[in-house]
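coords-v2.csv follows (CSV, C-alpha atoms (C1' of nucleotides)):
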chain,number,residue,atom,x,y,z
A,253,MET,CA,-9.9,29.3,-4.2
A,254,SER,CA,-9.8,29.1,-0.4
A,255,ARG,CA,-7.0,30.2,1.8
A,256,GLN,CA,-6.1,26.7,2.7
A,257,ARG,CA,-6.0,25.5,-0.8
A,258,ARG,CA,-3.7,28.3,-1.8
A,259,LEU,CA,-1.5,27.4,1.2
A,260,ILE,CA,-1.4,23.8,0.2
A,261,ILE,CA,-0.4,24.6,-3.4
A,262,ARG,CA,2.3,26.9,-2.1
A,263,VAL,CA,3.9,24.4,0.3
A,264,LEU,CA,3.6,21.7,-2.3
A,265,SER,CA,5.5,23.8,-4.9
A,266,GLU,CA,8.1,24.8,-2.5
A,267,ALA,CA,8.7,21.2,-1.4
A,268,ARG,CA,11.7,19.6,-3.0
A,269,THR,CA,10.7,16.1,-1.9
A,270,HIS,CA,7.7,13.9,-2.3
A,271,LEU,CA,5.4,14.7,0.5
A,272,SER,CA,2.8,12.5,2.2
A,273,ALA,CA,-0.5,13.9,3.4
A,274,ALA,CA,0.9,14.0,6.9
A,275,ASP,CA,4.1,15.7,5.9
A,276,LEU,CA,2.1,18.3,4.0
A,277,HIS,CA,-0.3,18.8,6.9
A,278,GLN,CA,2.5,19.4,9.2
A,279,ARG,CA,4.2,21.9,7.1
A,280,VAL,CA,1.0,23.7,6.3
A,281,THR,CA,0.1,23.8,9.9
A,282,GLU,CA,3.2,25.6,10.7
A,283,LEU,CA,2.1,28.5,8.5
A,284,ASP,CA,-1.5,28.4,9.4
A,285,PRO,CA,-2.5,26.3,12.5
A,286,ASP,CA,-6.0,25.6,11.5
A,287,ILE,CA,-6.1,23.4,8.5
A,288,SER,CA,-7.5,19.9,9.0
A,289,LEU,CA,-6.1,16.7,7.7
A,290,ALA,CA,-9.3,16.0,6.0
A,291,THR,CA,-8.9,19.1,3.9
A,292,ILE,CA,-5.4,18.0,3.0
A,293,TYR,CA,-6.7,14.7,1.8
A,294,ARG,CA,-9.6,16.1,-0.1
A,295,THR,CA,-7.4,18.7,-1.8
A,296,LEU,CA,-4.8,16.2,-2.7
A,297,THR,CA,-7.4,14.0,-4.2
A,298,ILE,CA,-8.9,16.8,-6.2
A,299,PHE,CA,-5.5,17.9,-7.5
A,300,GLU,CA,-4.7,14.5,-8.5
A,301,GLU,CA,-7.9,14.1,-10.4
A,302,GLU,CA,-7.3,17.4,-12.1
A,303,GLY,CA,-3.9,16.1,-13.2
A,304,VAL,CA,-2.0,18.6,-11.2
A,305,LEU,CA,-0.4,16.1,-8.9
A,306,LYS,CA,0.7,12.5,-9.3
A,307,ARG,CA,0.2,10.1,-6.5
A,308,LEU,CA,3.2,7.9,-5.7
A,309,ASP,CA,3.1,4.7,-3.8
A,310,PHE,CA,6.5,3.6,-2.5
A,311,GLY,CA,5.0,0.7,-0.7
A,312,ASP,CA,5.1,2.0,2.8
A,313,ARG,CA,1.4,2.5,2.9
A,314,LYS,CA,1.6,6.2,2.8
A,315,MET,CA,0.9,7.9,-0.5
A,316,ARG,CA,3.2,10.6,-1.6
A,317,TYR,CA,2.6,13.3,-4.2
A,318,GLU,CA,4.7,15.1,-6.8
A,319,GLN,CA,3.9,17.7,-9.3
A,320,ALA,CA,2.5,16.1,-12.5
A,321,ASP,CA,4.2,18.5,-14.9
A,322,LYS,CA,7.7,17.0,-14.4
A,323,GLU,CA,9.4,15.0,-17.0
A,324,PRO,CA,8.4,11.3,-16.7
A,325,HIS,CA,10.8,9.5,-14.5
A,326,ASP,CA,11.2,6.6,-12.1
A,327,HIS,CA,12.4,6.4,-8.6
A,328,LEU,CA,15.4,4.8,-7.0
A,329,LEU,CA,15.1,4.3,-3.3
A,330,ASP,CA,18.4,4.3,-1.4
A,331,THR,CA,18.1,1.4,0.9
A,332,THR,CA,20.6,2.8,3.3
A,333,ASP,CA,18.8,5.9,4.2
A,334,GLY,CA,15.5,5.9,2.4
A,335,SER,CA,16.3,8.8,0.2
A,336,VAL,CA,14.8,8.9,-3.3
A,337,VAL,CA,16.6,9.6,-6.5
A,338,GLU,CA,14.6,10.4,-9.6
A,339,PHE,CA,15.9,9.2,-12.9
A,340,GLN,CA,14.9,9.1,-16.5
A,341,ALA,CA,15.3,5.9,-18.4
A,342,PRO,CA,13.1,5.5,-21.5
A,343,GLU,CA,14.7,2.1,-22.0
A,344,VAL,CA,12.5,0.9,-19.1
A,345,ALA,CA,9.2,1.7,-20.8
A,346,ALA,CA,10.5,0.4,-24.1
A,347,LEU,CA,11.6,-2.9,-22.6
A,348,LEU,CA,8.3,-3.3,-20.8
A,349,ALA,CA,6.4,-2.6,-23.9
A,350,THR,CA,8.3,-5.3,-25.7
A,351,ILE,CA,7.7,-7.7,-22.9
A,352,ALA,CA,4.0,-6.9,-22.8
A,353,ALA,CA,3.8,-7.4,-26.6
A,354,ARG,CA,5.6,-10.7,-26.2
A,355,LEU,CA,2.8,-11.8,-23.9
A,356,GLY,CA,0.1,-10.5,-26.2
A,357,TYR,CA,-0.6,-7.3,-24.4
A,358,ARG,CA,-0.2,-3.6,-24.9
A,359,LEU,CA,1.6,-1.6,-22.3
A,360,ASP,CA,-0.7,0.8,-20.4
A,361,GLY,CA,1.6,1.8,-17.7
A,362,TYR,CA,3.8,0.4,-15.0
A,363,ARG,CA,4.9,0.9,-11.5
A,364,LEU,CA,8.5,0.7,-10.6
A,365,ASP,CA,10.6,1.3,-7.6
A,366,VAL,CA,14.3,0.4,-7.7
A,367,PHE,CA,15.9,-0.4,-4.5
A,368,ALA,CA,19.6,0.2,-4.4
A,369,SER,CA,22.5,1.2,-2.2
A,370,PRO,CA,25.4,3.5,-2.9
A,371,ASP,CA,28.2,1.9,-4.7
A,372,ASP,CA,31.2,3.7,-3.3
A,373,SER,CA,33.6,2.1,-5.7
A,374,ARG,CA,32.0,4.2,-8.3
A,375,ALA,CA,32.0,7.9,-8.7
A,376,GLU,CA,29.2,9.4,-6.8
A,377,SER,CA,27.8,10.7,-10.0
A,378,ALA,CA,24.5,12.5,-9.9
A,379,ARG,CA,23.3,11.5,-6.4
A,380,ALA,CA,20.4,14.0,-6.0
A,381,CYS,CA,18.3,12.6,-3.3
A,382,VAL,CA,14.8,13.7,-3.1
A,383,THR,CA,12.6,12.1,-0.4
A,384,ALA,CA,13.2,10.2,2.7
A,385,VAL,CA,11.2,7.1,2.8
A,386,GLN,CA,10.9,5.5,6.2
A,387,PRO,CA,14.7,5.5,7.0
A,388,PRO,CA,14.7,3.3,10.1
A,389,ALA,CA,13.1,-0.1,9.6
A,390,LYS,CA,10.6,-1.2,12.2
A,391,ARG,CA,10.6,-4.9,11.9
A,392,PRO,CA,13.2,-7.0,10.1
A,393,ARG,CA,10.5,-8.1,7.7
A,394,SER,CA,11.9,-8.0,4.2
A,395,ARG,CA,9.9,-6.3,1.5
A,396,HIS,CA,9.1,-8.4,-1.5
A,397,HIS,CA,10.7,-8.2,-4.9
A,398,HIS,CA,13.6,-9.8,-6.5
A,399,HIS,CA,16.3,-8.6,-8.8
A,400,ASP,CA,19.4,-9.7,-10.5
A,401,GLY,CA,18.4,-13.3,-10.7
A,402,ARG,CA,19.1,-15.0,-7.5
A,403,GLU,CA,18.5,-12.9,-4.4
A,404,HIS,CA,15.2,-11.2,-3.5
A,405,SER,CA,16.0,-8.7,-0.9
A,406,ALA,CA,14.9,-5.1,-0.7
A,407,PRO,CA,15.0,-2.3,1.8
A,408,GLY,CA,14.7,-3.0,5.5
A,409,ARG,CA,11.6,-0.9,5.5
B,671,MET,CA,2.2,-28.1,13.7
B,672,SER,CA,-1.3,-27.0,14.5
B,673,ARG,CA,-4.4,-28.1,12.7
B,674,GLN,CA,-4.9,-24.5,11.4
B,675,ARG,CA,-1.4,-24.1,10.2
B,676,ARG,CA,-1.6,-27.3,8.3
B,677,LEU,CA,-4.9,-26.1,6.8
B,678,ILE,CA,-3.4,-22.8,5.7
B,679,ILE,CA,-0.4,-24.5,4.0
B,680,ARG,CA,-2.8,-26.8,2.2
B,681,VAL,CA,-5.1,-24.1,0.9
B,682,LEU,CA,-2.1,-22.0,0.0
B,683,SER,CA,-0.5,-24.8,-2.0
B,684,GLU,CA,-3.7,-25.6,-3.8
B,685,ALA,CA,-4.3,-22.0,-4.7
B,686,ARG,CA,-3.3,-21.1,-8.2
B,687,THR,CA,-3.6,-17.4,-7.6
B,688,HIS,CA,-2.0,-14.9,-5.3
B,689,LEU,CA,-4.1,-14.8,-2.2
B,690,SER,CA,-4.6,-12.0,0.2
B,691,ALA,CA,-5.0,-12.7,3.9
B,692,ALA,CA,-8.7,-12.2,3.5
B,693,ASP,CA,-8.9,-14.5,0.5
B,694,LEU,CA,-7.1,-17.1,2.4
B,695,HIS,CA,-9.2,-16.7,5.5
B,696,GLN,CA,-12.3,-17.1,3.5
B,697,ARG,CA,-11.2,-20.3,1.8
B,698,VAL,CA,-9.8,-21.8,5.0
B,699,THR,CA,-12.9,-20.9,6.9
B,700,GLU,CA,-15.0,-23.0,4.4
B,701,LEU,CA,-13.0,-26.0,5.4
B,702,ASP,CA,-12.8,-25.3,9.0
B,703,PRO,CA,-15.1,-22.6,10.4
B,704,ASP,CA,-13.0,-21.5,13.4
B,705,ILE,CA,-9.8,-20.0,12.3
B,706,SER,CA,-9.3,-16.4,13.2
B,707,LEU,CA,-7.9,-13.8,10.9
B,708,ALA,CA,-5.2,-13.1,13.4
B,709,THR,CA,-3.9,-16.5,13.0
B,710,ILE,CA,-3.9,-16.1,9.2
B,711,TYR,CA,-1.8,-13.0,9.5
B,712,ARG,CA,0.5,-14.4,12.0
B,713,THR,CA,1.1,-17.5,10.0
B,714,LEU,CA,1.6,-15.6,6.8
B,715,THR,CA,4.1,-13.4,8.5
B,716,ILE,CA,6.0,-16.4,9.9
B,717,PHE,CA,6.0,-18.2,6.6
B,718,GLU,CA,7.3,-15.1,5.0
B,719,GLU,CA,10.1,-14.8,7.5
B,720,GLU,CA,11.0,-18.4,7.1
B,721,GLY,CA,11.2,-17.8,3.4
B,722,VAL,CA,8.4,-20.1,2.4
B,723,LEU,CA,6.2,-17.3,1.1
B,724,LYS,CA,6.9,-14.1,-0.7
B,725,ARG,CA,4.7,-11.1,0.0
B,726,LEU,CA,3.4,-9.2,-3.0
B,727,ASP,CA,2.2,-5.7,-3.1
B,728,PHE,CA,0.1,-4.9,-6.1
B,729,GLY,CA,-0.6,-1.4,-4.9
B,730,ASP,CA,-4.2,-2.0,-3.9
B,731,ARG,CA,-3.2,-1.9,-0.2
B,732,LYS,CA,-3.8,-5.6,0.4
B,733,MET,CA,-0.8,-7.8,0.5
B,734,ARG,CA,-0.8,-11.0,-1.5
B,735,TYR,CA,1.3,-14.1,-1.1
B,736,GLU,CA,2.9,-16.6,-3.4
B,737,GLN,CA,5.1,-19.5,-2.8
B,738,ALA,CA,8.7,-18.5,-2.5
B,739,ASP,CA,10.2,-21.4,-4.4
B,740,LYS,CA,9.0,-20.4,-7.8
B,741,GLU,CA,11.3,-19.1,-10.4
B,742,PRO,CA,11.9,-15.4,-10.0
B,743,HIS,CA,9.4,-13.5,-12.1
B,744,ASP,CA,7.4,-10.3,-12.4
B,745,HIS,CA,3.8,-9.6,-12.8
B,746,LEU,CA,1.7,-8.1,-15.5
B,747,LEU,CA,-1.7,-6.9,-14.4
B,748,ASP,CA,-4.4,-7.0,-17.0
B,749,THR,CA,-6.1,-3.7,-16.7
B,750,THR,CA,-9.2,-4.9,-18.3
B,751,ASP,CA,-10.1,-7.6,-15.7
B,752,GLY,CA,-7.5,-7.5,-13.0
B,753,SER,CA,-6.0,-10.8,-13.8
B,754,VAL,CA,-2.3,-11.3,-13.2
B,755,VAL,CA,0.2,-12.8,-15.6
B,756,GLU,CA,3.6,-13.9,-14.3
B,757,PHE,CA,6.5,-13.6,-16.6
B,758,GLN,CA,10.2,-14.0,-16.5
B,759,ALA,CA,12.4,-11.4,-18.0
B,760,PRO,CA,15.9,-11.3,-16.8
B,761,GLU,CA,16.5,-8.2,-19.0
B,762,VAL,CA,14.6,-6.2,-16.5
B,763,ALA,CA,16.9,-6.8,-13.6
B,764,ALA,CA,19.9,-6.4,-16.0
B,765,LEU,CA,18.6,-3.1,-17.2
B,766,LEU,CA,17.9,-1.8,-13.7
B,767,ALA,CA,21.3,-2.8,-12.5
B,768,THR,CA,22.8,-0.8,-15.3
B,769,ILE,CA,20.7,2.2,-14.5
B,770,ALA,CA,21.5,1.9,-10.8
B,771,ALA,CA,25.2,1.7,-11.7
B,772,ARG,CA,24.9,4.8,-13.9
B,773,LEU,CA,23.6,6.6,-10.9
B,774,GLY,CA,26.3,5.4,-8.6
B,775,TYR,CA,24.3,2.6,-6.9
B,776,ARG,CA,24.3,-1.1,-6.7
B,777,LEU,CA,20.9,-2.8,-7.3
B,778,ASP,CA,19.5,-4.4,-4.3
B,779,GLY,CA,16.1,-5.3,-5.7
B,780,TYR,CA,13.1,-3.7,-7.3
B,781,ARG,CA,9.4,-3.7,-7.3
B,782,LEU,CA,7.6,-3.8,-10.6
B,783,ASP,CA,4.1,-4.1,-11.8
B,784,VAL,CA,3.3,-3.9,-15.4
B,785,PHE,CA,-0.1,-2.7,-16.4
B,786,ALA,CA,-1.3,-3.8,-19.7
B,787,SER,CA,-4.4,-4.7,-21.7
B,788,PRO,CA,-4.9,-7.5,-24.2
B,789,ASP,CA,-3.7,-6.7,-27.6
B,790,ASP,CA,-6.1,-8.6,-29.7
B,791,SER,CA,-4.3,-7.8,-32.9
B,792,ARG,CA,-1.6,-10.2,-31.7
B,793,ALA,CA,-1.9,-13.9,-31.1
B,794,GLU,CA,-3.1,-14.5,-27.6
B,795,SER,CA,0.2,-16.2,-26.9
B,796,ALA,CA,0.8,-17.4,-23.4
B,797,ARG,CA,-2.0,-15.7,-21.5
B,798,ALA,CA,-2.0,-17.6,-18.3
B,799,CYS,CA,-3.8,-15.4,-15.9
B,800,VAL,CA,-3.2,-15.9,-12.3
B,801,THR,CA,-4.8,-13.6,-9.8
B,802,ALA,CA,-7.7,-11.2,-10.0
B,803,VAL,CA,-6.7,-7.8,-8.6
B,804,GLN,CA,-9.7,-5.7,-7.8
B,805,PRO,CA,-11.5,-6.1,-11.1
B,806,PRO,CA,-14.2,-3.5,-10.7
B,807,ALA,CA,-12.8,0.0,-10.0
B,808,LYS,CA,-14.5,1.8,-7.1
B,809,ARG,CA,-13.6,5.4,-7.9
B,810,PRO,CA,-12.3,6.7,-11.1
B,811,ARG,CA,-9.1,7.7,-9.3
B,812,SER,CA,-6.2,6.8,-11.5
B,813,ARG,CA,-3.3,5.0,-10.2
B,814,HIS,CA,0.1,6.5,-10.5
B,815,HIS,CA,2.8,5.5,-12.8
B,816,HIS,CA,3.7,6.4,-16.3
B,817,HIS,CA,4.9,4.4,-19.2
B,818,ASP,CA,5.9,4.8,-22.8
B,819,GLY,CA,6.8,8.4,-22.5
B,820,ARG,CA,3.8,10.6,-22.6
B,821,GLU,CA,0.7,9.2,-20.9
B,822,HIS,CA,0.6,8.1,-17.3
B,823,SER,CA,-2.5,6.0,-16.9
B,824,ALA,CA,-2.8,2.7,-15.1
B,825,PRO,CA,-5.5,0.4,-14.0
B,826,GLY,CA,-8.7,1.7,-12.5
B,827,ARG,CA,-7.9,0.1,-9.3
C,309,DC,C1',-27.1,34.7,-1.5
C,310,DT,C1',-25.7,30.1,-3.0
C,311,DA,C1',-22.7,26.7,-4.1
C,312,DA,C1',-18.5,25.0,-2.8
C,313,DA,C1',-15.0,24.1,0.8
C,314,DT,C1',-13.7,23.4,5.7
C,315,DG,C1',-13.5,21.2,10.4
C,316,DC,C1',-14.5,17.7,13.3
C,317,DA,C1',-15.4,13.4,14.6
C,318,DA,C1',-16.8,9.1,13.4
C,319,DA,C1',-16.2,5.3,10.1
C,320,DC,C1',-13.3,2.2,7.3
C,321,DT,C1',-9.7,-1.1,5.7
C,322,DG,C1',-6.0,-3.9,6.2
C,323,DT,C1',-3.0,-5.4,9.6
C,324,DT,C1',-1.0,-5.9,14.2
C,325,DT,C1',-0.9,-6.9,19.2
C,326,DG,C1',-1.9,-8.0,24.3
C,327,DC,C1',-3.7,-11.2,26.9
C,328,DT,C1',-5.8,-15.5,28.2
C,329,DT,C1',-6.9,-20.1,26.9
C,330,DG,C1',-6.0,-24.4,24.4
C,331,DG,C1',-3.5,-28.1,22.4
C,332,DA,C1',0.8,-30.4,20.5
C,333,DG,C1',4.7,-33.1,21.8
D,536,DC,C1',3.6,-30.6,32.0
D,537,DT,C1',5.4,-26.9,29.2
D,538,DC,C1',5.2,-23.8,25.6
D,539,DC,C1',4.0,-22.6,21.3
D,540,DA,C1',0.0,-21.3,18.9
D,541,DA,C1',-4.9,-19.8,18.6
D,542,DG,C1',-8.8,-16.8,19.6
D,543,DC,C1',-10.8,-12.5,20.6
D,544,DA,C1',-11.0,-8.0,20.9
D,545,DA,C1',-8.9,-3.8,21.1
D,546,DA,C1',-5.3,-0.9,18.9
D,547,DC,C1',-3.2,1.1,14.8
D,548,DA,C1',-2.1,3.9,10.6
D,549,DG,C1',-3.6,6.0,6.7
D,550,DT,C1',-7.4,7.5,4.5
D,551,DT,C1',-12.3,8.6,3.7
D,552,DT,C1',-16.9,10.5,4.8
D,553,DG,C1',-21.3,12.6,6.9
D,554,DC,C1',-22.9,16.6,8.5
D,555,DA,C1',-23.2,21.2,10.3
D,556,DT,C1',-20.8,25.6,9.5
D,557,DT,C1',-18.0,28.9,7.1
D,558,DT,C1',-16.7,31.4,3.1
D,559,DA,C1',-15.4,32.7,-1.6
D,560,DG,C1',-17.4,34.8,-5.4

Output the structure of this file as structure tokens.
Amino acid sequence: MSRQRRLIIRVLSEARTHLSAADLHQRVTELDPDISLATIYRTLTIFEEEGVLKRLDFGDRKMRYEQADKEPHDHLLDTTDGSVVEFQAPEVAALLATIAARLGYRLDGYRLDVFASPDDSRAESARACVTAVQPPAKRPRSRHHHHDGREHSAPGR
Amino acid sequence: MSRQRRLIIRVLSEARTHLSAADLHQRVTELDPDISLATIYRTLTIFEEEGVLKRLDFGDRKMRYEQADKEPHDHLLDTTDGSVVEFQAPEVAALLATIAARLGYRLDGYRLDVFASPDDSRAESARACVTAVQPPAKRPRSRHHHHDGREHSAPGR
DNA sequence: CTAAATGCAAACTGTTTGCTTGGAG
DNA sequence: CTCCAAGCAAACAGTTTGCATTTAG
């Protein structure tokens, strides 16, 4: 394995957040100034195909990656600061499987991002933030999905 | 209102599927050859800001739009042919709200795409497909989310 | 030595924007 | 007549790719 590939793996495993290709490139570059973005992309793609990494799409048009060996989980995006909280909730898959069945389908997988803001009236239980996703919004354009039944909102993106 | 804007509204309301800017542009162009893509994008953006349209992101990096006045619903993407089924399932938002609360958050919204394939052992209940999302996969690159607890799969893009 | 991996720059896709012209009211 | 809206092309961001060069094994 090449020097750069080794480097990438290292940075990736040391990272505690979901990195994008650019993030990774930046970090890697600090340790070794001559690694091209193309290599980063190619390597990430390969790792993903090998099942080492999982590609995440938080909807801000930059892909993020996380180690594939972690427990299955979903992501909650804090709409106030873009941080990401990972959580496990088998009920989700179960519910979706039921819904799919109801429609005559078999669940193959799903993609879920939960947008939420800190509820300070509650105990700040296990708030273990992971990644910062585009904290400051550029345009006021709202993202797209709905939720509890009436509003649609989402993060300011 | 301009001729083109009127046209766009019309095509949009006649469409029974979720159209992307390009789809829309193509259809509109057939009726009136001189409408620029820029206009399409600008109009779509405006309509979205006015709350007339909702922007959808099925993860294939092209945004789709649907009328905003519909009942809130989610989308099931048929992984065998890319068609989209809309379904209502208030349990989803309820569950997510619960989960968010458990983590110390208040649900603001969510983004969900359910990937599933026809389960022919079941009755083909209400299979009302809506949109075709990139039927033929380009590369074998798997998408990213997990599901029932062990596999991760998803559509071939 | 040979196949595989890198670097660089150019290509791509979907989307946005600056600027000038055109048309609705 | 006054502006909002359209058209065009250039600009963008993220990602991919062709090709010549380097390098691990």

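If you measure from each of C:DC327, C:DA332, C:DA318, C:DA311 to DG542 (chain D) using all atoms listed in the file, the closest one turns out to be C:DC327.
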
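Minimum atom-to-atom distance to chain C, evaluated using all atoms listed in the file, belongs to A:Arg313 out of A:Leu308, A:Arg313, A:Asp284, A:Asp275.
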
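Atom pair C1' of DT537 (chain D) / CA of Val698 (chain B) has a distance of 29.0 Å (rounded to one decimal).
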
(request) Considering only C-alpha atoms (C1' of nucleotides), extract the chain B residues located within 10 Å of chain D and return them as a ChimeraX atom specification. (result) /B:671-672,674-675,704-709,712-713

Please tabulate, as a tab-separated table, the residues of chain C that come within 9 Å of chain A, each with its closest pair of atoms and the distance in Å to one decimal, counting only C-alpha atoms (C1' of nucleotides) and ordering rows by chain, then residue number upward.
residue	atom	partner	partner_atom	distance
C:DA313	C1'	A:Ser254	CA	7.3
C:DT314	C1'	A:Thr291	CA	6.7
C:DG315	C1'	A:Ser288	CA	6.3
C:DC316	C1'	A:Ser288	CA	8.5

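Of the listed residues B:Thr687, B:Gln696, B:Thr715, B:Gln737, the one whose atoms come nearest to chain A is B:Thr715, with distances taken using all atoms listed in the file.
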
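Taking CA of Leu766 (chain B) and CA of Ser373 (chain A) as endpoints, the distance between them is 18.0 Å.
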
(request) May I ask for the distance between CA of Arg734 (chain B) and CA of Met315 (chain A), given in Å to one decimal place? (result) 19.0 Å

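Comparing the minimum interatomic distances between chain B and each of A:Lys322, A:His327, A:Arg307, A:His277, counting all atoms listed in the file, we find that A:Arg307 sits nearest.
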
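Take the candidates A:Val336, A:Thr350, A:Asp309, A:Leu271 and check each one against chain B using only C-alpha atoms; the shortest distance goes to A:Asp309.
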